[in-house]
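*Asks:* Below: one structure in structure tokens.
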Amino acid sequence: MTEPVLLSPIKIGEHTLEHRVVLAPLTRLRNSENGVIQDRVVEYYTQRTTKGGLLITEASIVSPAADGYLYAPGIYKEEHVEGWRKVTDAVHAKGGIIYCQLFHVGRATHSSHLPNNVLPVAPSPIAIKGKSLFGDDFEVPHALTVDEIQTTIQDFVNAAKNAMKAGFDGVEIHGANGYLVDSFINTSSNTRTDEYGGSIENRSRFALELVDALVEAVGANKTAIRFSPWSGFQDMEDATPVETWSYLTQQIQTKHSDLAYLHFVESREGGHSDDVLQEHESLEPFRNIWQGPFITSGGFTDPKKAIQRCEDSPNNLISFGRIFIANPDLVERIRNDWPLNKYHRPTFYTQGNEGYIDYPFYTPEEKDGVSDEKPDEITKVTEDVAIAEPVTATDTAATATAEDTIEQVPETTPPKDITPPKDLTPSDSETVKQTDDNTNTKERDIKADRRKSKKFNKAKCVIQ
Ligand SMILES: Cc1cc2nc3c(=O)[nH]c(=O)nc-3n(C[C@H](O)[C@H](O)[C@H](O)COP(=O)(O)O)c2cc1C
């Protein structure tokens, strides 16, 4: 029997992949509070590495000003580079290829989490509706000036160069899901009247300038970008999505046809609901424009669907989120049609090893049907951390939004402090001491205050 296209080679940048089963970027908050990689993170990526397989890292903060969350990794300091180097070495030792996702949180963070308590930034002074992960209302962000936009682009360039120093094979700009880059693109969050707002060309300018800058800094064949034209997460809405992302795609096709890949999120809610894709929300217009490798993400919880997608669109790869969290050996499970472990949502964003590096690899003794049951050790985690299983849209309403998902968390769920688990490696605190200059002290103080405030609610956490 011939192998499906999903399991066949494709060229990405300077590498020929042996298959198209990609690890999607997945924020897991298992790093030190200042974003330094921990040993368990090395183990997590190693587990998911296959020879000739592509991994995309969790979103990695490009500068202190871009920060948003405790325990998300950074890629702007020497310690970050050293930490990531352990991951890239381990992945390369197994023959894998790994790209670093570059992240600016934009208006989704809070001033108490930023250096000097400055306001979060955005294209325009429009707050996200509702409460942030910290329990406060989202703040009205500071609209970046043109000079500040250029500084931000430089932050991405520095981060991309750091990623190269850390041994990454390439970088992916996080241009999706309502964070800074995406908020420039959408009409709902960008009401500027200068050259970065208004027309499609102007709203696309920041994303395209970022691509240009990274191509110049590290090369087109090491640069990629991720978009989510249909996501409504964090109030994203665009008046003309097909036209807007067609323009972006066309510009990249024309100027940088040798970009490593384009990565599009297909579903509306990016991993927090099994949303039914509306017909008019297709990625086909963008697939038809882009001639290079095209990674599709979102809702491929049944590998058969992924197999079919690649048969239909031969330059496609599929990035898997939730089922790659739960199945470290996903590639072999797909290849052999073995059953899948079920993912465990309450441990998506917690800080221990549980629900992170303890999902079982398939063993022949495993009975068919394991996919319907939580592995014992994963189920136990729920009791250990006393987080109620959220009643999520994923498991209930196909058309629910991410906001619905948040609202449906039972109110009895106590907000949890995210005090680091006891098993965090000692190097975490040591790293901070060793680099105790003013910036780090300030950074640490802010984060310590935030942690003490006990407002960061794990049960309501959605970062994507
Ligand atoms: C726990 C979790 C963390 C995520 N973190 C990120 C992230 O850091 N960057 C990003 O671009 N998308 C992120 N996403 C979205 C995923 O990359 C992916 O697009 C989404 O889960 C849909 O794919 P799936 O249906 O295979 O899970 C996250 C999703 C989940 C569930």
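Every chain in the structure tokens has a letter given in the order shown (A, B, ...), and although residue numbers restart at 1 in each chain, ligands are simply numbered from 1 in the order shown.
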Give the residues close to ligand 1, within 7 Å, counting only C-alpha atoms and all ligand atoms; write them as number ranges by chain.
*Replies:* A: 24-28, 58-59, 174, 176-177, 226, 265, 270-272, 297-301, 319-323, 348-349, 463-464
*Asks:* Just the residues within 9 Å of A:Val36, please, counting only C-alpha atoms, with nothing from its chain fewer than 3 positions along; format it as a PyMOL selection string.
*Replies:* chain A and resi 31-33+71-75+79-84+428+431
*Asks:* Any idea what's packed within 8 Å of A:Asp67, counting only C-alpha atoms, ignoring anything in its chain fewer than 3 positions away? Could you give it as a count of residues only?
*Replies:* 9
*Asks:* As a ChimeraX atom specification, list the residues of stretch 137-335 of chain A assigned to alpha helix (DSSP H) by DSSP on the backbone atoms of this structure.
*Replies:* /A:146-165,180-185,200-218,241-255,284-289,303-312,322-326,330-335
*Asks:* Of the candidates A:Phe184, A:Ile357, A:Tyr261, A:Val87, which shows the shortest atom-to-atom distance to A:Gln47, using only C-alpha atoms?
*Replies:*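 The closest residue to A:Gln47 is A:Ile357.
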*Asks:* When you count only C-alpha atoms, which of these residues is closest to A:Leu7: A:Ala159, A:Ala122, A:Val91, A:Val22?
*Replies:*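 Comparing A:Ala159, A:Ala122, A:Val91, A:Val22 against A:Leu7, the winner is A:Val22.
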*Asks:* When you count only C-alpha atoms, which of these residues is closest to A:Trp290: A:Ala306, A:Ile252, A:Ala224, A:Ile98?
*Replies:*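 Between A:Ala306, A:Ile252, A:Ala224, A:Ile98, the residue approaching A:Trp290 most closely is A:Ile252.
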*Asks:* Could you name the residues that touch stretch 313-317 of chain A at 7 Å or less, counting only C-alpha atoms, but leaving out those on the same chain fewer than 6 positions away, as a PDB file with C-alpha atoms, in the first residue's frame?
*Replies:*
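File produced: around.pdb:
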```
ATOM      1  CA  VAL A   5       1.009  12.126   1.425  1.00  0.00           C
ATOM      2  CA  LEU A   6       0.923  13.101   5.141  1.00  0.00           C
ATOM      3  CA  ARG A  20       4.367  16.266   7.333  1.00  0.00           C
ATOM      4  CA  VAL A  21       3.159  15.628  10.891  1.00  0.00           C
ATOM      5  CA  GLY A 292       5.371  26.918  -1.141  1.00  0.00           C
ATOM      6  CA  PRO A 293       4.883  24.639   1.871  1.00  0.00           C
ATOM      7  CA  PHE A 294       1.580  25.393   3.593  1.00  0.00           C
ATOM      8  CA  ILE A 295       0.988  24.211   7.149  1.00  0.00           C
ATOM      9  CA  THR A 296      -2.647  23.859   8.140  1.00  0.00           C
TER      10      THR A 296
END
```
*Asks:* Any chance you could list, as a PyMOL selection string, the residues in stretch 49-288 of chain A that come up strand (DSSP E or B) when DSSP is run on the backbone?
*Replies:* chain A and resi 54-61+74+97-103+121-122+131+137+142-143+170-175+223-227+261-265
*Asks:* Could you dump the residues just selected with C-alpha atoms as a PDB file, in the first residue's frame?
*Replies:*
```pdb
ATOM      1  CA  LEU A  54       9.277  19.401  12.176  1.00  0.00           C
ATOM      2  CA  LEU A  55       8.589  20.838  15.631  1.00  0.00           C
ATOM      3  CA  ILE A  56       7.464  24.422  16.235  1.00  0.00           C
ATOM      4  CA  THR A  57       8.110  25.689  19.739  1.00  0.00           C
ATOM      5  CA  GLU A  58       5.659  27.300  22.082  1.00  0.00           C
ATOM      6  CA  ALA A  59       5.370  31.072  21.625  1.00  0.00           C
ATOM      7  CA  SER A  60       8.613  32.652  22.859  1.00  0.00           C
ATOM      8  CA  ILE A  61       8.709  36.225  24.115  1.00  0.00           C
ATOM      9  CA  GLY A  74      11.840  34.107  26.430  1.00  0.00           C
ATOM     10  CA  ILE A  97      14.029  20.029  12.790  1.00  0.00           C
ATOM     11  CA  ILE A  98      12.856  22.783  15.106  1.00  0.00           C
ATOM     12  CA  TYR A  99      11.571  26.331  14.540  1.00  0.00           C
ATOM     13  CA  CYS A 100      11.143  28.886  17.292  1.00  0.00           C
ATOM     14  CA  GLN A 101       7.853  30.777  17.405  1.00  0.00           C
ATOM     15  CA  LEU A 102       8.469  34.486  18.080  1.00  0.00           C
ATOM     16  CA  PHE A 103       5.834  36.174  20.213  1.00  0.00           C
ATOM     17  CA  VAL A 121       0.757  48.043  23.564  1.00  0.00           C
ATOM     18  CA  ALA A 122      -1.382  47.691  20.454  1.00  0.00           C
ATOM     19  CA  LYS A 131     -11.179  40.021  32.036  1.00  0.00           C
ATOM     20  CA  ASP A 137     -10.316  44.029  33.147  1.00  0.00           C
ATOM     21  CA  HIS A 142      -0.983  52.371  24.470  1.00  0.00           C
ATOM     22  CA  ALA A 143      -1.048  52.842  20.682  1.00  0.00           C
ATOM     23  CA  GLY A 170      14.266  28.711  11.651  1.00  0.00           C
ATOM     24  CA  VAL A 171      11.791  31.113  13.211  1.00  0.00           C
ATOM     25  CA  GLU A 172       8.032  31.485  12.886  1.00  0.00           C
ATOM     26  CA  ILE A 173       6.428  34.873  13.561  1.00  0.00           C
ATOM     27  CA  HIS A 174       3.310  34.477  15.714  1.00  0.00           C
ATOM     28  CA  GLY A 175       0.966  36.491  13.512  1.00  0.00           C
ATOM     29  CA  THR A 223      11.682  32.488   8.217  1.00  0.00           C
ATOM     30  CA  ALA A 224       7.970  31.632   8.439  1.00  0.00           C
ATOM     31  CA  ILE A 225       4.780  33.274   9.662  1.00  0.00           C
ATOM     32  CA  ARG A 226       1.516  32.029  11.175  1.00  0.00           C
ATOM     33  CA  PHE A 227      -1.907  33.597  10.497  1.00  0.00           C
ATOM     34  CA  TYR A 261       6.524  28.037   4.951  1.00  0.00           C
ATOM     35  CA  LEU A 262       3.232  29.760   5.684  1.00  0.00           C
ATOM     36  CA  HIS A 263       1.212  28.423   8.607  1.00  0.00           C
ATOM     37  CA  PHE A 264      -2.546  29.018   8.764  1.00  0.00           C
ATOM     38  CA  VAL A 265      -4.962  28.170  11.543  1.00  0.00           C
TER      39      VAL A 265
END
```
*Asks:* One number please: atom CA of A:Thr191 to atom CA of A:Ile126, in Å, one decimal.
*Replies:*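 Between atom CA of A:Thr191 and atom CA of A:Ile126 the gap works out to 8.8 Å.
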*Asks:* Would you pick out the contacts of A:Ala220 at 8 Å or less, using only C-alpha atoms, so that residues sharing its chain but fewer than 5 positions from it are not included, and give the list as an mmCIF file with C-alpha atoms, in the first residue's frame?
*Replies:*
```cif
data_model
loop_
_atom_site.group_PDB
_atom_site.id
_atom_site.type_symbol
_atom_site.label_atom_id
_atom_site.label_comp_id
_atom_site.auth_asym_id
_atom_site.auth_seq_id
_atom_site.Cartn_x
_atom_site.Cartn_y
_atom_site.Cartn_z
ATOM 1 C CA GLY A 13 13.734 25.824 3.969
ATOM 2 C CA LEU A 214 13.603 38.639 9.540
ATOM 3 C CA VAL A 215 14.370 37.527 5.989
ATOM 4 C CA HIS A 256 9.621 35.995 -0.595
ATOM 5 C CA ASP A 258 11.399 31.079 -0.878
ATOM 6 C CA LEU A 259 10.047 31.668 2.650
ATOM 7 C CA ALA A 260 10.305 28.413 4.622
#
```
*Asks:* To one decimal place, how far is atom CA of A:Tyr179 from atom CA of A:Ile128 in Å?
*Replies:*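 Pair atom CA of A:Tyr179 / atom CA of A:Ile128 returns 10.6 Å.
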*Asks:* Interatomic distance between atom CA of A:Phe324 and atom CA of A:Asn221?
*Replies:*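 Rounded to one decimal, the two atoms are 25.5 Å apart.
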